[in-house]
Amino acid sequence: MAQPDHALAPLELAGWKAALSWIGAILTSLIFLVSGLWKITDAPSAAVRMTQALIPEGLSLPAAVAFGIAETFAAVLVLVPRYRRWGAWMAGLMLVAFLVYFGVNYNTLRGEECNCFPWVRRAVGPAFFIGDLIMLGLAALAGMWTKPSQGKRGAILILAAVSVFALVSYGVAATRHRGVKAPATITVDGKPYSLEEGKVLVYFFDPECLHCLDAAKRMAGYNWGETRVVVAPVQQARFAADFLRDSGLRAAITSDAAILRQVFPFVSVPAAVALENGREVRQLTQFEGEQPATTLRSIGFVH
């Protein structure tokens, strides 16, 4: 009678391990798929989050696309039993890298919102690390009892497909807002101000944001030619005039920042939108180094 029980024990244990592996794989894949697809389909917004996490602004966009590809690739691999161990290793290594990076920069980033998910707010703090450790545990659970992965050709084809999807999505995201029509008029100094004629740069800022002030100081030295500049304070509007005085930027101040932001959404300030004859030409989210001067010159807004 003991022999049948003894024979069944390994099978029961194997089924228990398989169930846990699938749970870990599904949850890990869901987490990384959401994060990766967001970065791929909205790389400009993800790049802003990268900049907030102290990634150099010039590298933020390539980093967003690269991380999006890596996370989506890992999410697909971990769902396929044949590639699950590779996917679990990839997910685990990325999570360890994130933990080390945020640990090293903890004092600088503490309290800052820094998140890989578009709908969830996560500030850097103890809970942030606990969440990543839980995700690391799920990745370990997914790959712990799986067989060694094999079939490099198939994995390479998956990577190629994800990369092509990422590049196409980036192209769509980069151009989807082009041509969006701005409100015909906005309010400036209590009077209607037309946006339908000529070139207008609308600069969104927070008067208490030092990054916004630094960018405005540099823009004050540009040769704007016939381009009009309108600044839109997203908060603390009463300090907008002081902001212009301190920066030296010659611009009109609008009280319709909320209306404009609904039409031209962005993640955080500073941000700007270049309009020509009432329609969007380019959205600007990079304000360090040679930016936004390089982009503004390329579209003929500064000389």
# chains A, B, ... in the order shown; residues from 1 in each chain; ligands from 1
$ residues_around --residues "Gly300 in chain A" --least-positions-apart "5" --cutoff "12 Å" --atoms "only C-alpha atoms" --output "count of residues only"
17
$ select_by_dssp --residues "range 92-187 of chain A" --states "helix (DSSP H, G or I)" --output "tab-separated table (two decimals) with C-alpha atoms, in the first residue's frame"
chain	number	residue	atom	x	y	z
A	92	GLY	CA	15.19	39.08	-13.07
A	93	LEU	CA	18.35	40.78	-14.31
A	94	MET	CA	16.41	43.91	-15.31
A	95	LEU	CA	14.74	44.07	-11.90
A	96	VAL	CA	18.09	43.65	-10.12
A	97	ALA	CA	19.54	46.43	-12.30
A	98	PHE	CA	16.60	48.71	-11.43
A	99	LEU	CA	17.00	47.97	-7.71
A	100	VAL	CA	20.72	48.75	-7.81
A	101	TYR	CA	20.23	51.91	-9.86
A	102	PHE	CA	17.53	53.34	-7.62
A	103	GLY	CA	19.45	52.26	-4.54
A	104	VAL	CA	22.53	54.16	-5.67
A	106	TYR	CA	18.03	56.89	-3.59
A	107	ASN	CA	18.90	60.14	-1.83
A	108	THR	CA	18.37	62.13	-5.03
A	109	LEU	CA	15.23	60.36	-6.23
A	126	PRO	CA	10.59	51.72	0.78
A	127	ALA	CA	7.36	50.55	-0.90
A	128	PHE	CA	9.00	51.03	-4.31
A	129	PHE	CA	11.75	48.53	-3.44
A	130	ILE	CA	9.31	46.10	-1.83
A	131	GLY	CA	7.24	46.09	-5.03
A	132	ASP	CA	10.28	45.38	-7.19
A	133	LEU	CA	11.42	42.60	-4.84
A	134	ILE	CA	7.97	40.98	-5.14
A	135	MET	CA	8.28	41.15	-8.93
A	136	LEU	CA	11.76	39.63	-8.67
A	137	GLY	CA	10.27	36.79	-6.63
A	138	LEU	CA	7.63	36.16	-9.31
A	139	ALA	CA	10.32	36.01	-12.00
A	140	ALA	CA	12.30	33.53	-9.90
A	141	LEU	CA	9.15	31.46	-9.38
A	142	ALA	CA	8.54	31.38	-13.13
A	143	GLY	CA	11.99	30.05	-13.99
A	144	MET	CA	12.95	28.05	-10.93
A	152	LYS	CA	17.76	30.29	-30.29
A	153	ARG	CA	16.36	30.79	-33.79
A	154	GLY	CA	12.80	31.06	-32.53
A	155	ALA	CA	13.83	33.49	-29.79
A	156	ILE	CA	15.67	35.64	-32.31
A	157	LEU	CA	12.57	35.75	-34.52
A	158	ILE	CA	10.50	36.90	-31.53
A	159	LEU	CA	13.06	39.62	-30.78
A	160	ALA	CA	13.02	40.73	-34.41
A	161	ALA	CA	9.22	40.91	-34.44
A	162	VAL	CA	9.15	42.94	-31.19
A	163	SER	CA	11.84	45.30	-32.54
A	164	VAL	CA	9.96	45.92	-35.79
A	165	PHE	CA	6.75	46.54	-33.85
A	166	ALA	CA	8.62	48.99	-31.59
A	167	LEU	CA	10.07	50.97	-34.50
A	168	VAL	CA	6.72	51.17	-36.28
A	169	SER	CA	4.97	52.19	-33.07
A	170	TYR	CA	7.58	54.87	-32.40
A	171	GLY	CA	7.04	56.29	-35.88
A	172	VAL	CA	3.30	56.42	-35.31
A	173	ALA	CA	3.69	57.99	-31.84
A	174	ALA	CA	6.13	60.59	-33.14
A	175	THR	CA	3.71	61.76	-35.81
$ select_by_dssp --residues "range 35-259 of chain A" --states "strand (DSSP E)" --output "ChimeraX atom specification"
/A:185-188,191-194,199-205,228-233,252-253
$ closest_residue --among "A:Tyr222, A:Tyr193, A:Phe243, A:Trp145" --to "Trp22 in chain A" --atoms "only C-alpha atoms"
A:Trp145
$ closest_residue --among "A:Met50, A:Val263, A:Ala232, A:Ala257" --to "Cys212 in chain A" --atoms "only C-alpha atoms"
A:Ala232
$ atom_distance --atom1 "CA of Ala258 in chain A" --atom2 "CA of Pro183 in chain A"
12.0 Å
$ closest_atom_pairs --of "range 188-275 of chain A" --to "range 31-47 of chain A" --cutoff "12 Å" --atoms "only C-alpha atoms" --output "CSV"
residue,atom,partner,partner_atom,distance
A:Pro265,CA,A:Ser45,CA,9.9
A:Phe266,CA,A:Ser45,CA,7.2
A:Val267,CA,A:Ser45,CA,6.0
A:Ser268,CA,A:Ser45,CA,8.8
A:Val269,CA,A:Ser45,CA,11.6
A:Ala271,CA,A:Ser45,CA,11.1
$ atom_distance --atom1 "CA of Ala19 in chain A" --atom2 "CA of Ala70 in chain A"
25.8 Å
$ residues_around --residues "Phe239 in chain A" --least-positions-apart "5" --cutoff "12 Å" --atoms "only C-alpha atoms" --output "JSON, numbers by chain"
{"A": [205, 206, 207, 208, 209, 231, 232, 233, 234, 244, 245, 246, 253]}
$ write_last_selection --atoms "C-alpha atoms" --output "short mmCIF file (atom, residue, chain, number, x, y, z; two decimals), in the first residue's frame"
data_model
loop_
_atom_site.label_atom_id
_atom_site.label_comp_id
_atom_site.auth_asym_id
_atom_site.auth_seq_id
_atom_site.Cartn_x
_atom_site.Cartn_y
_atom_site.Cartn_z
CA PHE A 205 6.01 75.67 -17.24
CA ASP A 206 5.82 75.84 -13.48
CA PRO A 207 7.11 79.16 -12.09
CA GLU A 208 8.73 77.28 -9.20
CA CYS A 209 10.48 74.73 -11.46
CA VAL A 231 3.92 80.94 -21.90
CA ALA A 232 1.30 78.85 -20.09
CA PRO A 233 1.81 78.40 -16.33
CA VAL A 234 0.39 75.04 -15.25
CA LEU A 244 9.51 86.02 -17.27
CA ARG A 245 11.40 88.83 -15.58
CA ASP A 246 13.90 86.43 -14.01
CA ILE A 253 1.17 84.98 -20.69
#
$ closest_residue --among "A:Ala251, A:Met90, A:Leu296, A:Ile55" --to "Gln283 in chain A" --atoms "only C-alpha atoms"
A:Leu296
$ atom_distance --atom1 "CA of Thr285 in chain A" --atom2 "CA of Ala75 in chain A"
28.8 Å
$ residues_around --residues "Arg82 in chain A" --least-positions-apart "6" --cutoff "10 Å" --atoms "only C-alpha atoms" --output "PyMOL selection string"
chain A and resi 146-151+154-155
